[in-house]
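Written below as structure tokens is the structure these notes are about.
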Amino acid sequence: MGVQAELSERLNLGALYEMWMVFRRNKAALTGLILFTAIVLMAVFAPYLAPYNPYESVGAPFQPPSDKHPLGTNDVGQDLLSELIYGARISLFIGFVAAVVGTFIGTFIGLSAGYFGGLVDEALMRFTDMWLSMPTLLFTIFLAAVITRIGTFPMLYGIILAIALTAWPSVARMVRSAVLSLKESLYVEAARAIGVPSRRILVKHILPNVAPIIIIEVITRMAIAMLTEASLSFLGLGDPTAKSWGMMIHYAMIRNAITLGMWWWFLPPGIMISLSVLAFMLMGLGLEEYFNPRLRYKEQ
Amino acid sequence: MPGNGFVVRAENLKVWYPVRRSFVELITRKPPLYVRAVDGITFEVKPGEVFCLAGESGCGKTTTGRALLKLIRGAVIGGSVYVKPSREVFEEVSRHAPEAVVDKDSRVIDVYRVPEKYMRPLRREFQIVFQDPFGSLNPRMRVVEILEEPLLTHNIGSTKEERLEIIYRALEAVKLIPPQEFATRYPHQLSGGQRQRVAIARALVMNPRFIVADEPVSMLDVSIRAEVLEVLDELKQKYGLAQLFITHDLALARHICDRIAIMYLGKIVEEASADELVFNPLHPYTKALMAAIPDPDPEARLKYREVPIKGEIPTAIRLPPGCRFRPRCVAYDNAAKEIKRLCETEDPGLVEVKPGHRVACWLYK
């Protein structure tokens, strides 16, 4: 056992420390982590960072960037920089909740299909295939339209639900295939030989070993969910009261900012979306390396 | 009715895996094909005895071991497995599944008549150690968690302290000393031999009456086999633990087993006490196996040794008619005409030729 490993174990920081070692060595993953941290900090401290309240008119409309308004103002005179900073909250929130809900549904379906097999598997997987065969964006738009019409809850949650409902099938497929191979593993057979109840086998032996896949899925799903939200908002299907980055671009478009060349309005939110998607994808790479030691030692 | 002096007895045990049929075969109603991994074998393991199943890869020895513990899925299973649990476990099983009781007085239970949900108490006393110690331990659990799982499953030890004491005792019994240090390790921090001993300890904490040791040392370096074998031997000497030892290594089998059964293509072809079988093999297949054991004499290394067998092991889907060893049998070629006819048409059953020495070959009838 290496000195470092021993030390990390004694400090009982094992997993976190090892994860940090992987990120420290992998420059791409480290970039992702830094970007992610920055965006999260921006969202958390938005009230302290933003110069104005983004929901208030604080100046003349359609101003170009100036000292008072570094990114100008929009059509009703709200500060665009403040909108951008507050937008991180909404975008991250939507991405996170949609990804977690979607992954949760997918994991549940994948676990049941894989572990119970037979007819349960057949039924769940055909249902998943059906779901997967729909064109994703079109289907999300359809779901968003239906859910926000019939629901009595805030529109924002309807959109999150619509995104989550289109995100789960690929998670279900991945989890199922992992469970199928784990189910045949010797330690699961050993647990059966001991007489461990199947619910406990699922929770103690199978779930912890699919956890890495689930965590990586959540991270990459978050990126995709944010993109989907931006697309929905851009198309005018977002919650008009929630100022996400996608919504900013949407307003920029319908107020002719794009045709008038007001780049300070639509470019920054676009860049922020790209940066956060990039951050999640890069972090996903690092996590994958951490969970799959064979990747980890490839370059040494 | 089975005799009395056994812990586990397989009677005409069969494990047939169905071969997947194509759609056309299904609608034309072709009869299903089976891989006959185990094809009607009968043997018993006596209390405190190490009984060995030996044979080449694919002969069905591992399948037999798993079938005894009802661990096979997706196969058709025929025949019976009788076990004799302790009084306590017998009473618990017979309360829930009275239909599985074969003999109330000598506490015999037919495993395949116990519904799966009532198998748990039996599993406590009939355990297995797998061949691959790298796969049989969950990589995300510490040794102490691995050993605590059977205790929690069977409600052994009411407090954490009690359970820890049982765990430490089991670790000491398999010579992982000091146990406190090994208990906190993860499987990847152990050597192959140490892992295999953890796997043995996992069976041991439940205080079993019988374990299947499925090639427990074949994946270990020769240098560390001895330590695992020593532990298994001690379990027999100290605790009188009956074992079904599965191996392909006849020299090893002779060294640690009381009785040896040789399997070929899903059937036992010869069974005798270890010394009798090794020094006085009767079946042509056993003779071939004996001849194939490497000679440790360096002077003989260049000597050409003839192994009296021909061809390859056939598939267990389409078995040759008559004796299943006939296509590879050298003795068949030299046999008399009337014996040859028997070999071609009828399957020889196991016949006792000497007390305790059974063989399945027409030459000895």
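FYI, nothing fancy with the structure tokens labels: chains A, B, ... in order, residues from 1 per chain, ligands from 1 as they appear.
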
Please report as JSON lines every residue of chain A lying within 8 Å of chain B, along with the nearest atom pair and their distance in Å (one decimal), using only C-alpha atoms.
```
{"residue": "A:Met1", "atom": "CA", "partner": "B:Gln189", "partner_atom": "CA", "distance": 7.7}
{"residue": "A:Ser185", "atom": "CA", "partner": "B:Gly135", "partner_atom": "CA", "distance": 6.9}
{"residue": "A:Leu186", "atom": "CA", "partner": "B:Ser136", "partner_atom": "CA", "distance": 4.6}
{"residue": "A:Tyr187", "atom": "CA", "partner": "B:Ser136", "partner_atom": "CA", "distance": 4.1}
{"residue": "A:Val188", "atom": "CA", "partner": "B:Ser136", "partner_atom": "CA", "distance": 7.8}
{"residue": "A:Glu189", "atom": "CA", "partner": "B:Leu71", "partner_atom": "CA", "distance": 7.6}
{"residue": "A:Ala190", "atom": "CA", "partner": "B:Ser136", "partner_atom": "CA", "distance": 6.4}
{"residue": "A:Arg192", "atom": "CA", "partner": "B:Leu71", "partner_atom": "CA", "distance": 7.7}
{"residue": "A:Ala193", "atom": "CA", "partner": "B:Arg123", "partner_atom": "CA", "distance": 6.3}
{"residue": "A:Ile194", "atom": "CA", "partner": "B:Arg123", "partner_atom": "CA", "distance": 5.7}
{"residue": "A:Gly195", "atom": "CA", "partner": "B:Arg120", "partner_atom": "CA", "distance": 5.0}
{"residue": "A:Val196", "atom": "CA", "partner": "B:Thr153", "partner_atom": "CA", "distance": 5.8}
{"residue": "A:Pro197", "atom": "CA", "partner": "B:Thr153", "partner_atom": "CA", "distance": 7.8}
{"residue": "A:His205", "atom": "CA", "partner": "B:Asn138", "partner_atom": "CA", "distance": 6.9}
{"residue": "A:Pro208", "atom": "CA", "partner": "B:Arg140", "partner_atom": "CA", "distance": 7.4}
{"residue": "A:Asn209", "atom": "CA", "partner": "B:Arg140", "partner_atom": "CA", "distance": 7.5}
```

Go ahead and save the residues from that selection, with all heavy atoms, as a compact mmCIF listing (two decimals), in the first residue's frame.
```
# COMPACT_ATOMS: atom_id res chain seq x y z
N MET A 1 0.84 -1.20 0.00
CA MET A 1 0.00 0.00 0.00
C MET A 1 0.87 1.25 0.00
O MET A 1 1.80 1.36 0.79
CB MET A 1 -0.90 -0.03 1.24
CG MET A 1 -2.03 0.93 1.10
SD MET A 1 -3.36 0.75 2.28
CE MET A 1 -2.72 -0.09 3.65
N SER A 185 -22.69 -11.72 -11.28
CA SER A 185 -21.38 -11.72 -10.66
C SER A 185 -21.35 -12.71 -9.50
O SER A 185 -22.37 -13.04 -8.91
CB SER A 185 -21.03 -10.32 -10.17
OG SER A 185 -21.85 -10.01 -9.08
N LEU A 186 -20.16 -13.17 -9.22
CA LEU A 186 -20.02 -14.20 -8.20
C LEU A 186 -20.43 -13.72 -6.82
O LEU A 186 -20.98 -14.47 -6.04
CB LEU A 186 -18.56 -14.66 -8.14
CG LEU A 186 -18.23 -15.94 -8.88
CD1 LEU A 186 -16.79 -16.32 -8.61
CD2 LEU A 186 -19.14 -17.08 -8.46
N TYR A 187 -20.16 -12.44 -6.52
CA TYR A 187 -20.52 -12.03 -5.16
C TYR A 187 -22.01 -11.94 -4.95
O TYR A 187 -22.49 -12.10 -3.84
CB TYR A 187 -19.79 -10.77 -4.71
CG TYR A 187 -19.94 -9.56 -5.58
CD1 TYR A 187 -21.07 -8.76 -5.51
CD2 TYR A 187 -18.94 -9.20 -6.46
CE1 TYR A 187 -21.20 -7.64 -6.30
CE2 TYR A 187 -19.06 -8.09 -7.26
CZ TYR A 187 -20.19 -7.31 -7.17
OH TYR A 187 -20.32 -6.21 -7.96
N VAL A 188 -22.75 -11.73 -6.05
CA VAL A 188 -24.21 -11.78 -5.93
C VAL A 188 -24.65 -13.24 -5.73
O VAL A 188 -25.52 -13.54 -4.92
CB VAL A 188 -24.89 -11.15 -7.16
CG1 VAL A 188 -26.38 -11.45 -7.16
CG2 VAL A 188 -24.67 -9.66 -7.15
N GLU A 189 -23.98 -14.15 -6.44
CA GLU A 189 -24.31 -15.56 -6.25
C GLU A 189 -23.95 -15.99 -4.83
O GLU A 189 -24.70 -16.73 -4.19
CB GLU A 189 -23.58 -16.43 -7.26
CG GLU A 189 -24.17 -17.82 -7.27
CD GLU A 189 -23.62 -18.71 -8.36
OE1 GLU A 189 -22.91 -18.22 -9.24
OE2 GLU A 189 -23.90 -19.92 -8.31
N ALA A 190 -22.83 -15.49 -4.34
CA ALA A 190 -22.43 -15.83 -2.97
C ALA A 190 -23.48 -15.32 -1.99
O ALA A 190 -23.85 -16.01 -1.04
CB ALA A 190 -21.07 -15.23 -2.66
N ARG A 192 -26.62 -14.91 -2.62
CA ARG A 192 -27.79 -15.77 -2.72
C ARG A 192 -27.55 -17.08 -1.97
O ARG A 192 -28.46 -17.63 -1.34
CB ARG A 192 -28.11 -16.06 -4.19
CG ARG A 192 -28.80 -14.90 -4.87
CD ARG A 192 -29.55 -15.37 -6.11
NE ARG A 192 -28.64 -15.86 -7.13
CZ ARG A 192 -28.78 -17.01 -7.75
NH1 ARG A 192 -29.80 -17.79 -7.47
NH2 ARG A 192 -27.92 -17.39 -8.67
N ALA A 193 -26.31 -17.58 -2.05
CA ALA A 193 -25.99 -18.83 -1.36
C ALA A 193 -26.11 -18.66 0.15
O ALA A 193 -26.43 -19.59 0.87
CB ALA A 193 -24.58 -19.29 -1.73
N ILE A 194 -25.84 -17.45 0.62
CA ILE A 194 -25.96 -17.18 2.05
C ILE A 194 -27.42 -17.06 2.44
O ILE A 194 -27.80 -17.33 3.57
CB ILE A 194 -25.18 -15.88 2.40
CG1 ILE A 194 -23.69 -16.15 2.33
CG2 ILE A 194 -25.56 -15.36 3.78
CD1 ILE A 194 -22.86 -14.91 2.35
N GLY A 195 -28.25 -16.67 1.48
CA GLY A 195 -29.68 -16.51 1.77
C GLY A 195 -30.08 -15.06 1.97
O GLY A 195 -31.13 -14.77 2.52
N VAL A 196 -29.22 -14.14 1.52
CA VAL A 196 -29.53 -12.72 1.64
C VAL A 196 -30.79 -12.41 0.83
O VAL A 196 -30.88 -12.80 -0.33
CB VAL A 196 -28.35 -11.87 1.13
CG1 VAL A 196 -28.65 -10.39 1.26
CG2 VAL A 196 -27.08 -12.22 1.89
N PRO A 197 -31.78 -11.73 1.41
CA PRO A 197 -33.01 -11.43 0.68
C PRO A 197 -32.73 -10.58 -0.56
O PRO A 197 -31.81 -9.76 -0.55
CB PRO A 197 -33.85 -10.62 1.68
CG PRO A 197 -33.21 -10.83 3.00
CD PRO A 197 -31.80 -11.21 2.78
N HIS A 205 -25.56 -4.87 -2.83
CA HIS A 205 -24.54 -5.40 -3.75
C HIS A 205 -24.63 -4.81 -5.14
O HIS A 205 -23.62 -4.61 -5.80
CB HIS A 205 -24.65 -6.92 -3.85
CG HIS A 205 -24.28 -7.61 -2.57
ND1 HIS A 205 -22.99 -7.88 -2.22
CD2 HIS A 205 -25.04 -8.04 -1.54
CE1 HIS A 205 -22.97 -8.47 -1.04
NE2 HIS A 205 -24.21 -8.58 -0.60
N PRO A 208 -24.70 -0.11 -5.12
CA PRO A 208 -23.42 0.58 -4.96
C PRO A 208 -22.50 0.40 -6.16
O PRO A 208 -21.68 1.25 -6.45
CB PRO A 208 -22.80 -0.08 -3.73
CG PRO A 208 -23.92 -0.72 -3.02
CD PRO A 208 -24.93 -1.09 -4.05
N ASN A 209 -22.67 -0.71 -6.87
CA ASN A 209 -21.80 -0.93 -8.02
C ASN A 209 -22.32 -0.30 -9.30
O ASN A 209 -21.58 -0.22 -10.28
CB ASN A 209 -21.55 -2.43 -8.20
CG ASN A 209 -20.59 -2.96 -7.14
OD1 ASN A 209 -19.41 -2.64 -7.14
ND2 ASN A 209 -21.12 -3.72 -6.20
```

Can you list, as a PyMOL selection string, all residues belonging to range 156-203 of chain B that DSSP tags as alpha helix (DSSP H)? chain B and resi 160-173+179-183+192-203

C-alpha atoms of the current selection, written as a compact mmCIF listing (two decimals), in the first residue's frame:
```txt
# COMPACT_ATOMS: atom_id res chain seq x y z
CA LYS B 160 -22.52 -5.53 17.18
CA GLU B 161 -19.94 -6.67 19.77
CA GLU B 162 -21.17 -10.25 19.63
CA ARG B 163 -21.04 -10.25 15.85
CA LEU B 164 -17.56 -8.76 15.83
CA GLU B 165 -16.40 -11.48 18.17
CA ILE B 166 -17.75 -14.18 15.84
CA ILE B 167 -16.10 -12.45 12.90
CA TYR B 168 -12.74 -12.20 14.64
CA ARG B 169 -12.92 -15.85 15.64
CA ALA B 170 -13.65 -16.86 12.05
CA LEU B 171 -10.77 -14.74 10.77
CA GLU B 172 -8.47 -16.40 13.26
CA ALA B 173 -9.71 -19.81 12.19
CA PRO B 179 -8.15 -10.22 12.71
CA GLN B 180 -8.72 -6.60 13.74
CA GLU B 181 -6.36 -5.47 11.03
CA PHE B 182 -7.79 -7.64 8.26
CA ALA B 183 -11.37 -6.75 9.19
CA GLY B 192 -5.59 -14.06 -3.71
CA GLY B 193 -4.93 -16.52 -0.92
CA GLN B 194 -6.11 -14.07 1.72
CA ARG B 195 -9.26 -13.37 -0.26
CA GLN B 196 -10.01 -17.04 -0.57
CA ARG B 197 -9.61 -17.36 3.19
CA VAL B 198 -12.05 -14.47 3.67
CA ALA B 199 -14.47 -16.39 1.44
CA ILE B 200 -14.00 -19.45 3.65
CA ALA B 201 -14.51 -17.33 6.78
CA ARG B 202 -17.74 -16.00 5.28
CA ALA B 203 -19.06 -19.56 5.17
```

With distances taken over only C-alpha atoms, the candidate from B:His188, B:Arg113, B:Arg21, B:Arg259 nearest Leu53 in chain B is B:Arg259

Enumerate the residues of range 210-321 of chain B with a DSSP assignment of strand (DSSP E or B), computed from the backbone, and present them as a VMD selection string. chain B and resid 210 to 214 242 to 247 259 to 264 267 to 273

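If you look at CA of Glu299 in chain B and CA of Arg225 in chain B, they are 26.6 Å away from each other.
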
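Distance-wise, CA of Leu267 in chain A and CA of His250 in chain A end up 11.7 Å apart.
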
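Using only C-alpha atoms, the residues found no farther than 9 Å from Phe280 in chain A, other than those of its own chain fewer than 5 positions away, are Gly32, Leu33, Leu35, Phe36, Ile219, Thr220, Arg221, Met222, Ala223, Leu275 and Leu285 of chain A.
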
Generate a file of the selected residues that holds N, CA, C and O atoms, formatted as an mmCIF file, in the first residue's frame.
```cif
data_model
loop_
_atom_site.group_PDB
_atom_site.id
_atom_site.type_symbol
_atom_site.label_atom_id
_atom_site.label_comp_id
_atom_site.auth_asym_id
_atom_site.auth_seq_id
_atom_site.Cartn_x
_atom_site.Cartn_y
_atom_site.Cartn_z
ATOM 1 N N GLY A 32 -13.090 21.686 -16.010
ATOM 2 C CA GLY A 32 -14.519 21.502 -15.805
ATOM 3 C C GLY A 32 -14.920 21.818 -14.381
ATOM 4 O O GLY A 32 -15.895 22.527 -14.129
ATOM 5 N N LEU A 33 -14.120 21.315 -13.434
ATOM 6 C CA LEU A 33 -14.434 21.508 -12.021
ATOM 7 C C LEU A 33 -14.390 22.991 -11.655
ATOM 8 O O LEU A 33 -15.274 23.508 -10.965
ATOM 9 N N LEU A 35 -14.713 25.614 -13.709
ATOM 10 C CA LEU A 35 -15.844 26.290 -14.348
ATOM 11 C C LEU A 35 -17.127 26.059 -13.572
ATOM 12 O O LEU A 35 -17.888 26.981 -13.282
ATOM 13 N N PHE A 36 -17.331 24.799 -13.195
ATOM 14 C CA PHE A 36 -18.539 24.409 -12.477
ATOM 15 C C PHE A 36 -18.622 25.163 -11.162
ATOM 16 O O PHE A 36 -19.647 25.758 -10.822
ATOM 17 N N ILE A 219 -24.569 13.977 -14.017
ATOM 18 C CA ILE A 219 -23.771 15.114 -14.460
ATOM 19 C C ILE A 219 -23.990 15.408 -15.943
ATOM 20 O O ILE A 219 -24.262 16.535 -16.343
ATOM 21 N N THR A 220 -23.912 14.358 -16.789
ATOM 22 C CA THR A 220 -24.082 14.623 -18.218
ATOM 23 C C THR A 220 -25.536 14.968 -18.545
ATOM 24 O O THR A 220 -25.805 15.782 -19.416
ATOM 25 N N ARG A 221 -26.475 14.339 -17.815
ATOM 26 C CA ARG A 221 -27.889 14.675 -18.011
ATOM 27 C C ARG A 221 -28.141 16.147 -17.682
ATOM 28 O O ARG A 221 -28.982 16.796 -18.281
ATOM 29 N N MET A 222 -27.418 16.672 -16.688
ATOM 30 C CA MET A 222 -27.598 18.070 -16.306
ATOM 31 C C MET A 222 -27.266 18.969 -17.475
ATOM 32 O O MET A 222 -27.994 19.920 -17.774
ATOM 33 N N ALA A 223 -26.159 18.658 -18.148
ATOM 34 C CA ALA A 223 -25.774 19.453 -19.308
ATOM 35 C C ALA A 223 -26.876 19.404 -20.365
ATOM 36 O O ALA A 223 -27.288 20.435 -20.902
ATOM 37 N N LEU A 275 -20.596 27.303 -21.775
ATOM 38 C CA LEU A 275 -19.584 27.064 -20.747
ATOM 39 C C LEU A 275 -20.078 26.049 -19.722
ATOM 40 O O LEU A 275 -19.322 25.159 -19.317
ATOM 41 N N LEU A 285 -16.041 13.492 -17.516
ATOM 42 C CA LEU A 285 -14.828 12.769 -17.912
ATOM 43 C C LEU A 285 -13.984 12.407 -16.706
ATOM 44 O O LEU A 285 -13.516 11.278 -16.550
#
```
